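Student: Before I ask anything, let me first share the structure, which is written out below as structure tokens.
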Amino acid sequence: MEDLGILEDGAVAVDDGKIVAVGKTGEILAEHSGTVNVDASNRIVTPGFVDAHTHFVFAGSRETELELKIKGAGYLEILQRGGGILRTVRDTRAASKDQLIQICKGRAENLLLHGATTIEAKSGYGLTLEDEIKSLEVIRQLNNQTPLSLVPTFLGAHAVPPEYQTKISDYVTQLCENWIPQIAESKLAEFCDVFCEKGVFEIEDSRRILESGKRAGLLPKIHADELYPLGGAELAAEVGAVSADHLMYASTAGLQQMKRAGVIATLLPAAPLTLMLDKYADARKMIAEGVPVALGSDLSPSCWLENHQLVIALACYKLRMTPAEAITAATINAAHAIRRAHEIGSIELGKKADLVVLDATDFRFLGYRFGTNMVDMVVKNGKMVVENGRLTK
Ligand SMILES: [Zn+2]
């Protein structure tokens, strides 16, 4: 993860949306004359950032909860006041598909402006079959309406909906027997995720959900060991999850099993920051154990973060990852975490031309300088979609 393969005085040739040559500027210019040249002198060029974990589709906002959190109100207390995830579920159910598309389009533009070119996008604020399908259809349609690529994940097991509050196992049965097969059949999702947590979907229920997803052809992902050491990392290894996400309380044995099973650890440093918890995933131990680490923003109404450069900075300051490790985690490893590494995540021959030009002279500025948007240009599928820090129209 430390080796970025940096090329000084480098150039990239792009044709028909793909990278066709990478090398020294002089050589590339000699071989590819008569084309449009983009000058990135004194700047760095990186692969487009890949955000491996977002709760992208939601309506409404929860800004009033910030004061409650500051005053020490816990997750449960906010929920009891009618806030938290259930408030977002009400707002998302009330929004039409067209309204959601408009809301999410603005969100996609913000992500692009800050350098993300591909994101994983979860449903999970509908929690009825109809509203989950509506959310996944928003993701599908946005893929045609914005340059941002979105990879869809079904997260019907995000929370227990109010209608099922005392009947969790009935809800799990409904998910496994009806919703997952229908969603897989309509090809609206590639992954099936579960919020595996104490008092929500515990290990048995999570296993049922992920195994049902696998039978239907959905690849497993899991919110694991975020607030309590429940054994989510071990379950991720057992079911062969593509990634296990959060992992603040993952056990050493669980991490070793993840390594053997090839499960990627997707870490979300903004999650504990916005939950005001002083507990971060042990990235150093994971890297030492040989577990591949990816990064995600956890973009959601309780963690509204649309700048992936800040995710990289938080990985440095809070997870003690080096800038090089954090960049690897935000590009090629994140691409692996959403099964897209064959086409994105690095500047390599034959891959999609998804590139970011940053107003920085050294890659370490990612991490070091934070809070400012350093993106000068974004190229998506070979097209300039951000120029001089602004969306091209
Ligand atoms: Zn999440």
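Residues in the structure tokens are numbered from 1 in each chain, the chains being A, B, ... in the order shown, and ligands are numbered from 1 in the order shown.
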Could you give me the residues within 10 Å of ligand 1, counting only C-alpha atoms and all ligand atoms, as a PyMOL selection string?
Tutor: chain A and resi 53-56+121-122+124+155+158+193-195+222-224+226+245-246+268+271+296-300+303
Student: Create the file for the chosen residues now, containing N, CA and C atoms and written as an mmCIF file, in the first residue's frame.
Tutor:
data_model
loop_
_atom_site.group_PDB
_atom_site.id
_atom_site.type_symbol
_atom_site.label_atom_id
_atom_site.label_comp_id
_atom_site.auth_asym_id
_atom_site.auth_seq_id
_atom_site.Cartn_x
_atom_site.Cartn_y
_atom_site.Cartn_z
ATOM 1 N N HIS A 53 -18.073 3.181 0.246
ATOM 2 C CA HIS A 53 -19.188 2.994 1.199
ATOM 3 C C HIS A 53 -19.950 4.309 1.347
ATOM 4 N N THR A 54 -21.119 4.391 0.726
ATOM 5 C CA THR A 54 -21.970 5.568 0.938
ATOM 6 C C THR A 54 -23.429 5.151 1.101
ATOM 7 N N HIS A 55 -24.134 5.921 1.914
ATOM 8 C CA HIS A 55 -25.607 5.799 2.015
ATOM 9 C C HIS A 55 -26.152 6.965 1.201
ATOM 10 N N PHE A 56 -26.001 6.839 -0.103
ATOM 11 C CA PHE A 56 -26.127 7.974 -1.018
ATOM 12 C C PHE A 56 -27.562 8.460 -1.187
ATOM 13 N N ALA A 121 -23.154 2.857 -3.716
ATOM 14 C CA ALA A 121 -24.340 3.578 -3.232
ATOM 15 C C ALA A 121 -25.345 2.577 -2.693
ATOM 16 N N LYS A 122 -25.722 2.779 -1.424
ATOM 17 C CA LYS A 122 -26.635 1.830 -0.781
ATOM 18 C C LYS A 122 -28.054 2.380 -0.754
ATOM 19 N N GLY A 124 -31.617 1.700 1.660
ATOM 20 C CA GLY A 124 -31.671 1.444 3.094
ATOM 21 C C GLY A 124 -32.426 2.475 3.911
ATOM 22 N N LEU A 155 -29.490 -2.526 0.838
ATOM 23 C CA LEU A 155 -29.330 -2.546 2.294
ATOM 24 C C LEU A 155 -30.713 -2.469 2.961
ATOM 25 N N HIS A 158 -30.889 -2.318 6.946
ATOM 26 C CA HIS A 158 -30.180 -1.157 7.493
ATOM 27 C C HIS A 158 -30.655 -0.901 8.919
ATOM 28 N N ASP A 193 -26.016 -5.973 1.597
ATOM 29 C CA ASP A 193 -25.315 -5.541 2.807
ATOM 30 C C ASP A 193 -26.255 -5.735 4.000
ATOM 31 N N VAL A 194 -25.683 -5.784 5.202
ATOM 32 C CA VAL A 194 -26.497 -5.881 6.423
ATOM 33 C C VAL A 194 -25.833 -5.056 7.525
ATOM 34 N N PHE A 195 -26.668 -4.367 8.309
ATOM 35 C CA PHE A 195 -26.182 -3.633 9.477
ATOM 36 C C PHE A 195 -26.161 -4.618 10.636
ATOM 37 N N ILE A 222 -20.804 -6.295 4.620
ATOM 38 C CA ILE A 222 -21.340 -6.278 5.982
ATOM 39 C C ILE A 222 -20.843 -5.078 6.784
ATOM 40 N N HIS A 223 -21.772 -4.405 7.496
ATOM 41 C CA HIS A 223 -21.402 -3.419 8.511
ATOM 42 C C HIS A 223 -21.015 -4.244 9.738
ATOM 43 N N ALA A 224 -19.736 -4.273 10.079
ATOM 44 C CA ALA A 224 -19.260 -5.251 11.058
ATOM 45 C C ALA A 224 -18.557 -4.607 12.246
ATOM 46 N N GLU A 226 -19.019 -2.392 14.534
ATOM 47 C CA GLU A 226 -18.863 -0.933 14.601
ATOM 48 C C GLU A 226 -18.960 -0.413 16.035
ATOM 49 N N ASP A 245 -17.035 -3.692 6.710
ATOM 50 C CA ASP A 245 -16.890 -2.250 6.837
ATOM 51 C C ASP A 245 -17.044 -1.785 8.291
ATOM 52 N N HIS A 246 -16.348 -0.723 8.652
ATOM 53 C CA HIS A 246 -16.273 -0.119 10.002
ATOM 54 C C HIS A 246 -15.187 -0.790 10.852
ATOM 55 N N LEU A 268 -13.986 3.686 7.623
ATOM 56 C CA LEU A 268 -14.782 4.900 7.441
ATOM 57 C C LEU A 268 -14.485 5.863 8.590
ATOM 58 N N ALA A 271 -17.017 8.175 10.382
ATOM 59 C CA ALA A 271 -18.161 7.651 11.145
ATOM 60 C C ALA A 271 -17.988 7.866 12.647
ATOM 61 N N GLY A 296 -13.905 4.550 2.748
ATOM 62 C CA GLY A 296 -15.197 5.074 2.303
ATOM 63 C C GLY A 296 -15.558 6.285 3.131
ATOM 64 N N SER A 297 -16.490 7.085 2.620
ATOM 65 C CA SER A 297 -16.885 8.301 3.347
ATOM 66 C C SER A 297 -17.942 8.026 4.404
ATOM 67 N N ASP A 298 -18.763 6.988 4.182
ATOM 68 C CA ASP A 298 -19.960 6.745 4.991
ATOM 69 C C ASP A 298 -20.960 7.883 4.825
ATOM 70 N N LEU A 299 -20.904 8.591 3.702
ATOM 71 C CA LEU A 299 -21.853 9.674 3.420
ATOM 72 C C LEU A 299 -23.279 9.232 3.759
ATOM 73 N N SER A 300 -23.920 10.004 4.631
ATOM 74 C CA SER A 300 -25.280 9.688 5.097
ATOM 75 C C SER A 300 -25.808 10.930 5.814
ATOM 76 N N CYS A 303 -23.585 11.748 8.670
ATOM 77 C CA CYS A 303 -22.158 11.910 8.353
ATOM 78 C C CYS A 303 -22.084 12.474 6.941
#
Student: Kindly provide the residues of segment 125-243 of chain A that approach segment 250-265 of chain A to within 9 Å, each paired with its closest atom pair and their distance in Å to one decimal, based on only C-alpha atoms, listed by chain and increasing number, as a tab-separated table.
Tutor:
residue	atom	partner	partner_atom	distance
A:Ala224	CA	A:Ala250	CA	7.6
A:Asp225	CA	A:Ala250	CA	5.4
A:Glu226	CA	A:Ala250	CA	8.0
A:Tyr228	CA	A:Ala250	CA	8.5
A:Pro229	CA	A:Ala250	CA	6.0
A:Leu230	CA	A:Ala250	CA	8.1
A:Gly231	CA	A:Ala250	CA	7.1
A:Gly232	CA	A:Ala250	CA	7.2
A:Ala233	CA	A:Gly254	CA	4.8
A:Glu234	CA	A:Gly254	CA	4.5
A:Leu235	CA	A:Gly254	CA	8.2
A:Ala236	CA	A:Met258	CA	6.9
A:Ala237	CA	A:Met258	CA	4.8
A:Glu238	CA	A:Ala261	CA	7.8
A:Gly240	CA	A:Ala261	CA	6.3
A:Ala241	CA	A:Val263	CA	6.0
A:Val242	CA	A:Val263	CA	5.3
A:Ser243	CA	A:Ile264	CA	4.5
Student: Could you tell me which of A:Ala52, A:Val172, A:Leu188, A:Leu66 comes closest to Asp205 of chain A if we count only C-alpha atoms?
Tutor: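 Going through A:Ala52, A:Val172, A:Leu188, A:Leu66 one by one, the smallest distance to Asp205 of chain A is for A:Val172.
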Student: Pull the alpha helix (DSSP H) assignments for segment 222-256 of chain A out of DSSP run on the backbone, and list those residues as a tab-separated table (two decimals) with N, CA, C and O atoms, in the first residue's frame.
Tutor:
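Output below, filename selection18.tsv:
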chain	number	residue	atom	x	y	z
A	232	GLY	N	-18.60	-9.77	13.75
A	232	GLY	CA	-18.91	-9.44	12.35
A	232	GLY	C	-17.77	-9.76	11.41
A	232	GLY	O	-17.98	-10.20	10.28
A	233	ALA	N	-16.52	-9.55	11.88
A	233	ALA	CA	-15.37	-9.85	11.02
A	233	ALA	C	-15.31	-11.36	10.73
A	233	ALA	O	-15.06	-11.77	9.59
A	234	GLU	N	-15.59	-12.17	11.76
A	234	GLU	CA	-15.59	-13.63	11.57
A	234	GLU	C	-16.70	-14.04	10.60
A	234	GLU	O	-16.49	-14.89	9.73
A	235	LEU	N	-17.88	-13.42	10.73
A	235	LEU	CA	-18.98	-13.75	9.82
A	235	LEU	C	-18.63	-13.36	8.38
A	235	LEU	O	-18.94	-14.08	7.43
A	236	ALA	N	-17.96	-12.21	8.23
A	236	ALA	CA	-17.55	-11.76	6.90
A	236	ALA	C	-16.67	-12.82	6.24
A	236	ALA	O	-16.84	-13.15	5.06
A	237	ALA	N	-15.73	-13.37	7.02
A	237	ALA	CA	-14.84	-14.41	6.48
A	237	ALA	C	-15.64	-15.67	6.16
A	237	ALA	O	-15.46	-16.28	5.10
A	238	GLU	N	-16.55	-16.05	7.05
A	238	GLU	CA	-17.33	-17.28	6.88
A	238	GLU	C	-18.17	-17.24	5.59
A	238	GLU	O	-18.20	-18.21	4.84
A	239	VAL	N	-18.83	-16.12	5.35
A	239	VAL	CA	-19.71	-16.05	4.15
A	239	VAL	C	-18.94	-15.62	2.90
A	239	VAL	O	-19.51	-15.57	1.82
A	252	THR	N	-8.76	-9.73	16.75
A	252	THR	CA	-7.56	-10.14	15.99
A	252	THR	C	-7.84	-11.42	15.22
A	252	THR	O	-7.48	-11.54	14.04
A	253	ALA	N	-8.53	-12.38	15.87
A	253	ALA	CA	-8.85	-13.63	15.18
A	253	ALA	C	-9.73	-13.35	13.96
A	253	ALA	O	-9.54	-13.93	12.89
A	254	GLY	N	-10.68	-12.43	14.13
A	254	GLY	CA	-11.58	-12.07	13.03
A	254	GLY	C	-10.80	-11.48	11.85
A	254	GLY	O	-11.05	-11.79	10.69
A	255	LEU	N	-9.83	-10.61	12.17
A	255	LEU	CA	-9.02	-9.99	11.11
A	255	LEU	C	-8.19	-11.05	10.38
A	255	LEU	O	-8.06	-11.02	9.16
A	256	GLN	N	-7.64	-12.00	11.15
A	256	GLN	CA	-6.83	-13.06	10.51
A	256	GLN	C	-7.70	-13.93	9.60
A	256	GLN	O	-7.28	-14.32	8.51
Student: Could you tell me how far atom CA of Leu86 of chain A sits from atom CA of Thr274 of chain A, in Å to one decimal place?
Tutor: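 Separation between atom CA of Thr274 of chain A and atom CA of Leu86 of chain A: 17.9 Å.
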Student: Can you pull out every residue within 10 Å of Leu100 of chain A, counting only C-alpha atoms, but drop anything in the same chain fewer than 2 positions away, and send it as an mmCIF file with C-alpha atoms, in the first residue's frame?
Tutor:
data_model
loop_
_atom_site.group_PDB
_atom_site.id
_atom_site.type_symbol
_atom_site.label_atom_id
_atom_site.label_comp_id
_atom_site.auth_asym_id
_atom_site.auth_seq_id
_atom_site.Cartn_x
_atom_site.Cartn_y
_atom_site.Cartn_z
ATOM 1 C CA VAL A 57 -29.896 7.885 -1.516
ATOM 2 C CA PHE A 58 -31.719 9.858 1.140
ATOM 3 C CA ALA A 59 -34.101 12.795 1.404
ATOM 4 C CA GLY A 60 -34.158 15.457 4.114
ATOM 5 C CA THR A 92 -37.219 9.207 1.947
ATOM 6 C CA ARG A 93 -40.558 7.378 1.792
ATOM 7 C CA ALA A 94 -42.351 10.716 1.327
ATOM 8 C CA ALA A 95 -40.113 11.760 -1.602
ATOM 9 C CA SER A 96 -41.066 10.778 -5.139
ATOM 10 C CA LYS A 97 -38.535 9.099 -7.384
ATOM 11 C CA ASP A 98 -38.116 12.313 -9.389
ATOM 12 C CA GLN A 102 -32.994 15.821 -8.229
ATOM 13 C CA ILE A 103 -31.625 15.690 -4.671
ATOM 14 C CA CYS A 104 -29.078 12.993 -5.504
ATOM 15 C CA LYS A 105 -27.961 14.702 -8.703
ATOM 16 C CA LYS A 134 -37.464 3.304 -5.692
ATOM 17 C CA SER A 135 -34.055 4.069 -4.109
ATOM 18 C CA VAL A 138 -32.690 6.316 -8.488
ATOM 19 C CA ILE A 139 -29.151 4.894 -8.482
#
Student: Atom CA of Glu190 of chain A to atom CA of Leu136 of chain A: how many Å, to one decimal?
Tutor: 10.6 Å
Student: Counting only C-alpha atoms, which residue out of A:Ser41, A:Thr173, A:Asn178, A:Gln145 sits closest to Arg208 of chain A?
Tutor: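 For Arg208 of chain A, the nearest of the given residues is A:Thr173.
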Student: Using only C-alpha atoms, can you tell me which of A:Ala157, A:Arg107, A:Cys316, A:Ile28 comes closest to Leu129 of chain A?
Tutor: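 Smallest distance to Leu129 of chain A is found for A:Ala157.
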Student: Please identify all polymer residues within 12 Å of Thr35 of chain A, counting only C-alpha atoms, omitting same-chain residues fewer than 6 positions from it, and present them as number ranges by chain.
Tutor: A: 13-15, 28-29
Student: Pull the strand (DSSP E) assignments for segment 42-245 of chain A out of DSSP run on the backbone, and list those residues as JSON, numbers by chain.
Tutor: {"A": [44, 45, 46, 47, 49, 50, 51, 116, 117, 118, 119, 120, 121, 122, 149, 150, 151, 152, 153, 154, 155, 156, 157, 191, 192, 193, 194, 219, 220, 221, 222, 223, 224, 243, 244, 245]}
Student: Extract, using only C-alpha atoms, all DNA, RNA and protein residues at most 9 Å from Gly156 of chain A, discarding same-chain residues fewer than 3 positions from it, and format them as a PyMOL selection string.
Tutor: chain A and resi 123-129+132+159-160+175+179-180+192-194
Student: Excluding same-chain residues fewer than 2 positions from Pro301 of chain A, what lies within 7 Å of it counting only C-alpha atoms, as a ChimeraX atom specification?
Tutor: /A:61-62,303-304
Student: Counting only C-alpha atoms, figure out which residue out of A:Arg320, A:Thr46, A:Gly10, A:Asn37 gets nearest to Thr25 of chain A.
Tutor: A:Gly10
Student: Mind checking which residues fall within 8 Å of Ala281 of chain A, counting only C-alpha atoms, ignoring those fewer than 4 positions away in the same chain, and posting them as a JSON list (two decimals) with N, CA and C atoms, in the first residue's frame?
Tutor:
[["chain", "number", "residue", "atom", "x", "y", "z"],
["A", 246, "HIS", "N", -16.35, -0.72, 8.65],
["A", 246, "HIS", "CA", -16.27, -0.12, 10.00],
["A", 246, "HIS", "C", -15.19, -0.79, 10.85],
["A", 247, "LEU", "N", -15.50, -1.95, 11.48],
["A", 247, "LEU", "CA", -14.50, -2.79, 12.15],
["A", 247, "LEU", "C", -13.78, -2.15, 13.33],
["A", 248, "MET", "N", -14.41, -1.20, 14.01],
["A", 248, "MET", "CA", -13.75, -0.58, 15.16],
["A", 248, "MET", "C", -13.47, -1.60, 16.27],
["A", 249, "TYR", "N", -14.38, -2.56, 16.42],
["A", 249, "TYR", "CA", -14.21, -3.54, 17.50],
["A", 249, "TYR", "C", -13.89, -4.95, 16.98],
["A", 267, "LEU", "N", -12.64, 0.97, 5.73],
["A", 267, "LEU", "CA", -12.64, 1.79, 6.93],
["A", 267, "LEU", "C", -13.25, 3.17, 6.63],
["A", 269, "PRO", "N", -13.34, 6.57, 8.52],
["A", 269, "PRO", "CA", -12.92, 7.35, 9.69],
["A", 269, "PRO", "C", -13.87, 8.49, 10.05],
["A", 319, "LEU", "N", -6.48, 7.37, 11.67],
["A", 319, "LEU", "CA", -6.16, 5.93, 11.54],
["A", 319, "LEU", "C", -4.65, 5.71, 11.45]]
Student: State, in Å with one decimal place, the distance from atom CA of Glu2 of chain A to atom CA of His308 of chain A.
Tutor: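 Computing the Euclidean distance for atom CA of Glu2 of chain A and atom CA of His308 of chain A yields 19.1 Å.
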Student: Closest to Arg81 of chain A among A:Thr64, A:Pro272, A:Val386, A:Thr322, using only C-alpha atoms?
Tutor: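 Among the listed residues, A:Thr64 lies closest to Arg81 of chain A.
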Student: Point out the residue among A:Ala30, A:Ala184, A:Leu310, A:Met384 with the least atom-to-atom distance to Leu218 of chain A, counting only C-alpha atoms.
Tutor: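 Nearest to Leu218 of chain A: A:Ala184.
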